[in-house]
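**Student:** The structure that follows is given in the form of structure tokens.
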Amino acid sequence: MNSILSLLAIPFLLLAYSVPAQSPAIRKSCREHPQLVGKCFRVRGRLAVYNGAPALRLWRSGTRRVLGISEQKFSVAGYRNVPQEIESRINQDVSLFGEFLVCPFTREQPHEMQLVCIESGKNLSVRQAK
């Protein structure tokens, strides 16, 4: 009987050791990122996936200003530049409209895309991309 239980336990043990443990650092938010250059601010707009870099961009409603969501240049292990709740809802087929709390990696400059990360979003609605 014990040998049968031992054989049944082997797959579970292999699975437990193959799944990497998440460290508490993985959970650090954008607001805590060490490369921020200023205070976080609220933006109302449309978050969508574009061609080019950065692919994820936030168009500020009522303006011609587009913010780039940096996921490569300012990628630091243990920090999230986009919350999981938002990342799971966005793709090239849909846009997210709502209010976003973003934190700057670069300062705002005329005619340049400011790079930011997203701390949170609220009042989000998903719409088909055009």
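FYI, nothing fancy with the structure tokens labels: chains A, B, ... in order, residues from 1 per chain, ligands from 1 as they appear.
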If we count only C-alpha atoms and set the cut-off at 6 Å, which residues sit around segment 89-98 of chain A, ignoring sequence neighbours fewer than 4 positions away in its own chain? Please answer as JSON, numbers by chain.

**Tutor:** {"A": [44, 45, 46, 47, 48, 49, 123, 124, 125, 126, 127, 128, 129]}

**Student:** Could you check the closest approach to Arg42 of chain A for each of A:Cys117, A:Glu99, A:Arg65, A:Glu108 and tell me which residue wins, using only C-alpha atoms?

**Tutor:** A:Glu99

**Student:** Measuring atom to atom with only C-alpha atoms, identify which of A:Gly52, A:Gly62, A:Gly38, A:Pro83 is nearest to Ser120 of chain A.

**Tutor:**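 Looking at the shortest contact to Ser120 of chain A, the residue is A:Pro83.
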
**Student:** Quote the spacing between atom CA of Lys39 of chain A and atom CA of Ala55 of chain A in Å to one decimal place.

**Tutor:** 23.4 Å

**Student:** Using only C-alpha atoms, which residues sit within 7 Å of Cys40 of chain A once same-chain residues fewer than 6 positions away are excluded, as a PyMOL selection string?

**Tutor:** chain A and resi 101-104

**Student:** Using DSSP secondary structure from the backbone, list all helix (DSSP H, G or I) positions within segment 36-106 of chain A, as a ChimeraX atom specification.

**Tutor:** /A:84-87

**Student:** Next, the residues of the selection above should be written as a PDB file, in the first residue's frame with all heavy atoms.

**Tutor:**
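Everything below was put into result-v1.pdb:
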```
ATOM      1  N   GLN A  84      -1.352  43.456 -13.759  1.00  0.00           N
ATOM      2  CA  GLN A  84      -1.865  42.229 -14.359  1.00  0.00           C
ATOM      3  C   GLN A  84      -3.320  42.375 -14.803  1.00  0.00           C
ATOM      4  O   GLN A  84      -3.699  41.882 -15.856  1.00  0.00           O
ATOM      5  CB  GLN A  84      -1.728  41.063 -13.363  1.00  0.00           C
ATOM      6  CG  GLN A  84      -2.204  39.736 -13.910  1.00  0.00           C
ATOM      7  CD  GLN A  84      -1.413  39.280 -15.120  1.00  0.00           C
ATOM      8  OE1 GLN A  84      -0.202  39.467 -15.196  1.00  0.00           O
ATOM      9  NE2 GLN A  84      -2.089  38.683 -16.084  1.00  0.00           N
ATOM     10  N   GLU A  85      -4.141  43.097 -14.030  1.00  0.00           N
ATOM     11  CA  GLU A  85      -5.564  43.254 -14.377  1.00  0.00           C
ATOM     12  C   GLU A  85      -5.737  43.988 -15.713  1.00  0.00           C
ATOM     13  O   GLU A  85      -6.690  43.741 -16.437  1.00  0.00           O
ATOM     14  CB  GLU A  85      -6.371  44.038 -13.376  1.00  0.00           C
ATOM     15  CG  GLU A  85      -6.148  44.166 -11.925  1.00  0.00           C
ATOM     16  CD  GLU A  85      -4.826  44.531 -11.342  1.00  0.00           C
ATOM     17  OE1 GLU A  85      -4.048  43.611 -11.084  1.00  0.00           O
ATOM     18  OE2 GLU A  85      -4.575  45.713 -11.075  1.00  0.00           O
ATOM     19  N   ILE A  86      -4.837  44.910 -15.993  1.00  0.00           N
ATOM     20  CA  ILE A  86      -4.907  45.649 -17.258  1.00  0.00           C
ATOM     21  C   ILE A  86      -4.266  44.835 -18.373  1.00  0.00           C
ATOM     22  O   ILE A  86      -4.819  44.712 -19.465  1.00  0.00           O
ATOM     23  CB  ILE A  86      -4.236  47.030 -17.113  1.00  0.00           C
ATOM     24  CG1 ILE A  86      -5.069  47.907 -16.168  1.00  0.00           C
ATOM     25  CG2 ILE A  86      -4.055  47.699 -18.472  1.00  0.00           C
ATOM     26  CD1 ILE A  86      -4.467  49.245 -15.855  1.00  0.00           C
ATOM     27  N   GLU A  87      -3.115  44.256 -18.101  1.00  0.00           N
ATOM     28  CA  GLU A  87      -2.402  43.476 -19.103  1.00  0.00           C
ATOM     29  C   GLU A  87      -3.259  42.326 -19.645  1.00  0.00           C
ATOM     30  O   GLU A  87      -3.221  42.019 -20.824  1.00  0.00           O
ATOM     31  CB  GLU A  87      -1.117  42.932 -18.486  1.00  0.00           C
ATOM     32  CG  GLU A  87      -0.128  42.396 -19.478  1.00  0.00           C
ATOM     33  CD  GLU A  87       1.179  42.063 -18.798  1.00  0.00           C
ATOM     34  OE1 GLU A  87       2.006  42.969 -18.640  1.00  0.00           O
ATOM     35  OE2 GLU A  87       1.360  40.897 -18.422  1.00  0.00           O
TER      36      GLU A  87
END
```

**Student:** Using only C-alpha atoms, determine which residues lie at most 10 Å from Arg57 of chain A, disregarding the query and same-chain residues fewer than 3 positions distant; provide the list as a count of residues only.

**Tutor:** 17

**Student:** Interatomic distance between atom CA of Ser29 of chain A and atom CA of Gly121 of chain A?

**Tutor:** 12.8 Å

**Student:** Out of A:Ser61, A:Pro34, A:Ile118, A:Val43, which residue has the shortest atom-to-atom distance to Val76 of chain A when counting only C-alpha atoms?

**Tutor:**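 Result for the nearest residue to Val76 of chain A: A:Pro34.
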
**Student:** From the list A:Leu36, A:Trp59, A:Arg64, A:Cys30, which residue is nearest His111 of chain A when using only C-alpha atoms?

**Tutor:**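 For His111 of chain A, the nearest of the candidates is A:Arg64.
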
**Student:** Please report the interatomic distance between atom CA of Ser88 of chain A and atom CA of His33 of chain A in Å with one decimal.

**Tutor:**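 Computing the Euclidean distance for atom CA of Ser88 of chain A and atom CA of His33 of chain A yields 20.9 Å.
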
**Student:** Looking at A:Leu58, A:Phe100, A:Glu32, A:Phe105, which one is nearest to Phe74 of chain A, with distances taken over only C-alpha atoms?

**Tutor:**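 Using only C-alpha atoms, Phe74 of chain A sits closest to A:Phe105.
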